[in-house]
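*Asks:* Below: one structure in structure tokens.
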Amino acid sequence: MGARGAMEAMAGKRERVFSGIQPSGELHIGNYLGAVQNWVQMQDQYECFFGIVDHHAITVPYEPAEMPARVFDMALTLLAAGLDPRKCTLFVQSDVPEHTELAWILNTVTPLGDLERMTQFKEKAGREASVPAGLLNYPVLQAADILLYRATLVPVGEDQVQHIELVREIARRWNARYGEYLPEPQVVVGPARRILGLDGKAKMSKSLGNTIGLLESPEEIWAKLKVAVTDPARVTRRDPGNPDICNVFTLHRYFSSPQDQAWSAHGCRTAAIGCLDCKRRLADNIVAALRPIRERALELRERPEEVRRMLAEGAERCRAIARETVAEVKRRMGLTGSFLPVAKPAAAIRT
Ligand code: TYM
């Protein structure tokens, strides 16, 4: 076996990872710490597929003219954040039509009641005047995303855990009906599974406007942090606070050195420092941590065709696997498509 064959054999043994992110236009530090940082680490060890899930993003009202830029910006930011197309496959979901084909198939084994009790569905449906069926079936498409690649590991933040549990149930039901073929994936969550927004209350989320974007400038980061909510007990500079309940301190844990964390915790408890001092130090540390990502993104923006080529190559790799899985799924379900007529020459069709 040549070197390439040996590598492929090794690759065949590696566990497969799938995860996805919506093209929200902005990758924020919540997505980054909760999921993307784990993706960057996992690409060294596993065979990884990461999808920019535009079909998921159309389940809520959106502006079609903005979608291409949202997808492109997400790809660019993910690459800048450390995804390496030589180590993982990055692609756009709608470039691989088998995602929606398998989603339809999986709909037929998904209990309606399970979909209706999904927390995210209830939250999102509560905000819409008219609820599209796509919002309800959203986790089924997510199941298709994962099961199409027969992935066994799914790194996500806490808000997606319930969906992945449902994916396991869908796989179980399909296997029970048509034979063991789709592995039940394991969820992988890291320590930063739920990053709160700068309001200190809700999950950090673009739709809530409480984020820090990975590509924001030092000035933008400071303007947002300056007004971030801290321990309400610190009414004046002299009131001591409790870092354990302060979201700004939680962010220090992810961006600051042990020395800075100790300085901030002690200063807060003794009122030796004010919240603004604590935020200034955090802003400096976040800016320093994000600087290389921002620089890489600026470089990549100069070479958009490279980003597009990487996505095209990613989709090609996905399609080869996706076609195989769907063919086997359909074969087991008796959907053999054997009634298609043999193609006739163009002249014969005209007459
Ligand atoms: P999305 O686009 O909302 O978020 C992408 C990833 O970031 C995580 N995340 C967070 N983690 C910690 N704190 C936060 N504040 C925070 N906000 C977001 C999410 O948990 C997620 O891991 N439905 C999915 C996308 C998807 C998917 C999939 C994921 C589609 N198909 C298949 C896994 C497998 C979503 O909307 O993620």
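As shown in the structure tokens, the chain order sets the letters A, B, ...; within each chain, residues go from 1, and ligands are also counted from 1 in the order they appear.
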Throw together the list of residues within 7 Å of ligand 1, counting only C-alpha atoms and all ligand atoms, and drop it here as a PyMOL selection string.

*Replies:* chain A and resi 18-23+30-36+53+56+141-143+145-146+154-160+192-197+203-205

*Asks:* Which polymer residues have any atom within 12 Å of an atom of A:Ala129, counting only C-alpha atoms, with same-chain residues fewer than 5 positions away left out, as number ranges by chain?

*Replies:* A: 60-61, 124

*Asks:* Show me, as CSV, the residues of stretch 46-165 of chain A having an atom within 9 Å of stretch 323-339 of chain A, each with the closest atom pair and its distance in Å, using only C-alpha atoms.

*Replies:*
```
residue,atom,partner,partner_atom,distance
A:Glu98,CA,A:Arg323,CA,6.9
A:Glu101,CA,A:Val326,CA,8.0
A:Leu102,CA,A:Val326,CA,6.7
A:Ile105,CA,A:Lys330,CA,8.8
A:Leu147,CA,A:Thr325,CA,8.5
A:Leu148,CA,A:Thr325,CA,6.0
A:Tyr149,CA,A:Thr325,CA,7.3
A:Arg150,CA,A:Thr325,CA,8.0
```

*Asks:* From the DSSP assignment of the backbone, select every residue of stretch 13-193 of chain A that is strand (DSSP E or B), and format the answer as number ranges by chain.

*Replies:* A: 16-21, 28, 47-52, 88-92, 153-155, 186-188

*Asks:* If we count only C-alpha atoms, what is near A:Leu153 at a cut-off of 8 Å, once residues fewer than 5 positions away on the same chain are taken out, given as a VMD selection string?

*Replies:* chain A and resid 15 to 18 185 to 188

*Asks:* So that I have them on file, write out the residues from the current selection with all heavy atoms, as a JSON list (two decimals), in the first residue's frame.

*Replies:*
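And here's result-v1.json as it stands now:
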```
[["chain", "number", "residue", "atom", "x", "y", "z"],
["A", 15, "GLU", "N", -13.14, 8.35, 13.62],
["A", 15, "GLU", "CA", -14.56, 8.60, 13.80],
["A", 15, "GLU", "C", -14.97, 9.83, 13.03],
["A", 15, "GLU", "O", -14.17, 10.74, 12.84],
["A", 15, "GLU", "CB", -14.85, 8.81, 15.29],
["A", 15, "GLU", "CG", -15.40, 7.57, 15.94],
["A", 15, "GLU", "CD", -15.85, 7.84, 17.36],
["A", 15, "GLU", "OE1", -15.00, 7.77, 18.25],
["A", 15, "GLU", "OE2", -17.04, 8.13, 17.56],
["A", 16, "ARG", "N", -16.24, 9.85, 12.62],
["A", 16, "ARG", "CA", -16.71, 10.97, 11.83],
["A", 16, "ARG", "C", -17.47, 11.98, 12.69],
["A", 16, "ARG", "O", -18.26, 11.60, 13.55],
["A", 16, "ARG", "CB", -17.64, 10.46, 10.76],
["A", 16, "ARG", "CG", -17.31, 11.08, 9.43],
["A", 16, "ARG", "CD", -18.16, 10.48, 8.35],
["A", 16, "ARG", "NE", -17.33, 9.92, 7.31],
["A", 16, "ARG", "CZ", -17.79, 9.27, 6.25],
["A", 16, "ARG", "NH1", -19.07, 9.07, 6.13],
["A", 16, "ARG", "NH2", -16.97, 8.83, 5.35],
["A", 17, "VAL", "N", -17.20, 13.24, 12.42],
["A", 17, "VAL", "CA", -17.82, 14.35, 13.17],
["A", 17, "VAL", "C", -18.66, 15.17, 12.20],
["A", 17, "VAL", "O", -18.23, 15.43, 11.08],
["A", 17, "VAL", "CB", -16.70, 15.26, 13.75],
["A", 17, "VAL", "CG1", -17.28, 16.55, 14.31],
["A", 17, "VAL", "CG2", -15.88, 14.54, 14.80],
["A", 18, "PHE", "N", -19.87, 15.55, 12.63],
["A", 18, "PHE", "CA", -20.63, 16.53, 11.85],
["A", 18, "PHE", "C", -21.12, 17.63, 12.78],
["A", 18, "PHE", "O", -21.57, 17.36, 13.90],
["A", 18, "PHE", "CB", -21.86, 15.92, 11.16],
["A", 18, "PHE", "CG", -22.56, 16.95, 10.30],
["A", 18, "PHE", "CD1", -22.25, 17.06, 8.95],
["A", 18, "PHE", "CD2", -23.45, 17.87, 10.84],
["A", 18, "PHE", "CE1", -22.83, 18.05, 8.17],
["A", 18, "PHE", "CE2", -24.02, 18.86, 10.07],
["A", 18, "PHE", "CZ", -23.72, 18.95, 8.73],
["A", 185, "PRO", "N", -25.78, 9.24, 16.89],
["A", 185, "PRO", "CA", -24.62, 10.09, 17.20],
["A", 185, "PRO", "C", -24.56, 10.51, 18.67],
["A", 185, "PRO", "O", -25.58, 10.61, 19.34],
["A", 185, "PRO", "CB", -24.85, 11.31, 16.31],
["A", 185, "PRO", "CG", -26.34, 11.36, 16.14],
["A", 185, "PRO", "CD", -26.84, 9.95, 16.17],
["A", 186, "GLN", "N", -23.34, 10.72, 19.13],
["A", 186, "GLN", "CA", -23.10, 11.21, 20.50],
["A", 186, "GLN", "C", -22.94, 12.72, 20.46],
["A", 186, "GLN", "O", -22.26, 13.23, 19.58],
["A", 186, "GLN", "CB", -21.76, 10.68, 21.04],
["A", 186, "GLN", "CG", -21.59, 9.20, 21.07],
["A", 186, "GLN", "CD", -22.28, 8.61, 22.28],
["A", 186, "GLN", "OE1", -22.42, 9.30, 23.29],
["A", 186, "GLN", "NE2", -22.74, 7.39, 22.17],
["A", 187, "VAL", "N", -23.52, 13.38, 21.44],
["A", 187, "VAL", "CA", -23.34, 14.83, 21.51],
["A", 187, "VAL", "C", -22.04, 15.14, 22.26],
["A", 187, "VAL", "O", -21.66, 14.41, 23.18],
["A", 187, "VAL", "CB", -24.58, 15.46, 22.20],
["A", 187, "VAL", "CG1", -24.61, 15.20, 23.67],
["A", 187, "VAL", "CG2", -24.70, 16.91, 21.91],
["A", 188, "VAL", "N", -21.32, 16.17, 21.80],
["A", 188, "VAL", "CA", -20.08, 16.58, 22.47],
["A", 188, "VAL", "C", -20.24, 18.03, 22.90],
["A", 188, "VAL", "O", -20.41, 18.90, 22.04],
["A", 188, "VAL", "CB", -18.87, 16.47, 21.51],
["A", 188, "VAL", "CG1", -17.58, 16.93, 22.19],
["A", 188, "VAL", "CG2", -18.72, 15.05, 20.97]]
```

*Asks:* Based on DSSP run over this structure's backbone, return all residues of stretch 139-193 of chain A in helix (DSSP H, G or I), as number ranges by chain.

*Replies:* A: 139-148, 158-178

*Asks:* Please dump the current selection as a PDB file, in the first residue's frame; keep C-alpha atoms.

*Replies:*
```
ATOM      1  CA  PRO A 139     -34.666  19.185  13.811  1.00  0.00           C
ATOM      2  CA  VAL A 140     -35.491  16.567  11.156  1.00  0.00           C
ATOM      3  CA  LEU A 141     -33.297  18.429   8.679  1.00  0.00           C
ATOM      4  CA  GLN A 142     -30.680  18.512  11.407  1.00  0.00           C
ATOM      5  CA  ALA A 143     -31.018  14.724  11.725  1.00  0.00           C
ATOM      6  CA  ALA A 144     -30.519  14.406   7.968  1.00  0.00           C
ATOM      7  CA  ASP A 145     -27.392  16.603   8.162  1.00  0.00           C
ATOM      8  CA  ILE A 146     -25.776  14.256  10.649  1.00  0.00           C
ATOM      9  CA  LEU A 147     -27.078  10.890   9.471  1.00  0.00           C
ATOM     10  CA  LEU A 148     -26.232  11.593   5.821  1.00  0.00           C
ATOM     11  CA  GLU A 158     -26.096  23.364  25.115  1.00  0.00           C
ATOM     12  CA  ASP A 159     -29.039  24.767  23.148  1.00  0.00           C
ATOM     13  CA  GLN A 160     -28.632  22.019  20.531  1.00  0.00           C
ATOM     14  CA  VAL A 161     -28.449  19.052  22.913  1.00  0.00           C
ATOM     15  CA  GLN A 162     -32.202  18.442  22.850  1.00  0.00           C
ATOM     16  CA  HIS A 163     -32.154  18.370  19.041  1.00  0.00           C
ATOM     17  CA  ILE A 164     -29.325  15.837  18.974  1.00  0.00           C
ATOM     18  CA  GLU A 165     -31.216  13.627  21.406  1.00  0.00           C
ATOM     19  CA  LEU A 166     -34.107  13.680  18.971  1.00  0.00           C
ATOM     20  CA  VAL A 167     -31.689  12.803  16.149  1.00  0.00           C
ATOM     21  CA  ARG A 168     -30.772   9.685  18.116  1.00  0.00           C
ATOM     22  CA  GLU A 169     -34.433   8.794  18.470  1.00  0.00           C
ATOM     23  CA  ILE A 170     -35.007   9.304  14.729  1.00  0.00           C
ATOM     24  CA  ALA A 171     -32.031   7.053  13.896  1.00  0.00           C
ATOM     25  CA  ARG A 172     -33.340   4.383  16.296  1.00  0.00           C
ATOM     26  CA  ARG A 173     -36.779   4.452  14.729  1.00  0.00           C
ATOM     27  CA  TRP A 174     -35.475   4.299  11.167  1.00  0.00           C
ATOM     28  CA  ASN A 175     -33.114   1.424  12.053  1.00  0.00           C
ATOM     29  CA  ALA A 176     -35.899  -0.468  13.808  1.00  0.00           C
ATOM     30  CA  ARG A 177     -38.035  -0.266  10.673  1.00  0.00           C
ATOM     31  CA  TYR A 178     -35.429  -0.716   7.923  1.00  0.00           C
TER      32      TYR A 178
END
```

*Asks:* Report as number ranges by chain all protein, DNA and RNA residues lying within 6 Å of stretch 211-218 of chain A, evaluated on only C-alpha atoms, omitting residues in the same chain fewer than 2 positions from it.

*Replies:* A: 27-29, 197, 204, 209, 220-221, 287, 294

*Asks:* Write to file, as a PDB file, in the first residue's frame, the residues of the selection just made, with N, CA and C atoms.

*Replies:*
```pdb
ATOM      1  N   LEU A  27     -20.213  35.465  13.184  1.00  0.00           N
ATOM      2  CA  LEU A  27     -19.823  34.434  14.147  1.00  0.00           C
ATOM      3  C   LEU A  27     -19.468  35.196  15.424  1.00  0.00           C
ATOM      4  N   HIS A  28     -20.156  34.886  16.526  1.00  0.00           N
ATOM      5  CA  HIS A  28     -19.895  35.637  17.759  1.00  0.00           C
ATOM      6  C   HIS A  28     -19.148  34.774  18.778  1.00  0.00           C
ATOM      7  N   ILE A  29     -18.731  35.388  19.866  1.00  0.00           N
ATOM      8  CA  ILE A  29     -17.894  34.631  20.802  1.00  0.00           C
ATOM      9  C   ILE A  29     -18.677  33.499  21.495  1.00  0.00           C
ATOM     10  N   GLY A 197     -25.198  36.497  26.869  1.00  0.00           N
ATOM     11  CA  GLY A 197     -24.967  37.745  26.145  1.00  0.00           C
ATOM     12  C   GLY A 197     -24.534  38.856  27.083  1.00  0.00           C
ATOM     13  N   MET A 204     -26.130  34.289  24.533  1.00  0.00           N
ATOM     14  CA  MET A 204     -25.601  35.190  23.501  1.00  0.00           C
ATOM     15  C   MET A 204     -26.131  34.733  22.143  1.00  0.00           C
ATOM     16  N   GLY A 209     -29.137  40.666  19.758  1.00  0.00           N
ATOM     17  CA  GLY A 209     -28.284  41.869  19.740  1.00  0.00           C
ATOM     18  C   GLY A 209     -27.417  42.004  20.991  1.00  0.00           C
ATOM     19  N   GLU A 220     -15.215  48.786  18.643  1.00  0.00           N
ATOM     20  CA  GLU A 220     -16.575  48.228  18.748  1.00  0.00           C
ATOM     21  C   GLU A 220     -16.683  47.323  19.971  1.00  0.00           C
ATOM     22  N   ILE A 221     -15.642  46.548  20.213  1.00  0.00           N
ATOM     23  CA  ILE A 221     -15.667  45.623  21.359  1.00  0.00           C
ATOM     24  C   ILE A 221     -15.751  46.425  22.662  1.00  0.00           C
ATOM     25  N   VAL A 287      -9.534  41.492  22.641  1.00  0.00           N
ATOM     26  CA  VAL A 287      -8.951  42.064  21.412  1.00  0.00           C
ATOM     27  C   VAL A 287      -7.677  41.291  21.042  1.00  0.00           C
ATOM     28  N   ARG A 294      -8.968  38.144  13.213  1.00  0.00           N
ATOM     29  CA  ARG A 294      -9.356  39.328  12.441  1.00  0.00           C
ATOM     30  C   ARG A 294      -8.372  39.556  11.280  1.00  0.00           C
TER      31      ARG A 294
END
```

*Asks:* Have a look at A:Thr270, A:Gln37, A:Thr250, A:Thr100 and name the one nearest to A:His55; count only C-alpha atoms.

*Replies:*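 Nearest candidate to A:His55 out of A:Thr270, A:Gln37, A:Thr250, A:Thr100: A:Thr100.
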
*Asks:* Would you mind telling me which residue in A:Leu79, A:Val307, A:Gly51, A:Pro232 lies nearest to A:His99 when using only C-alpha atoms?

*Replies:* A:Gly51
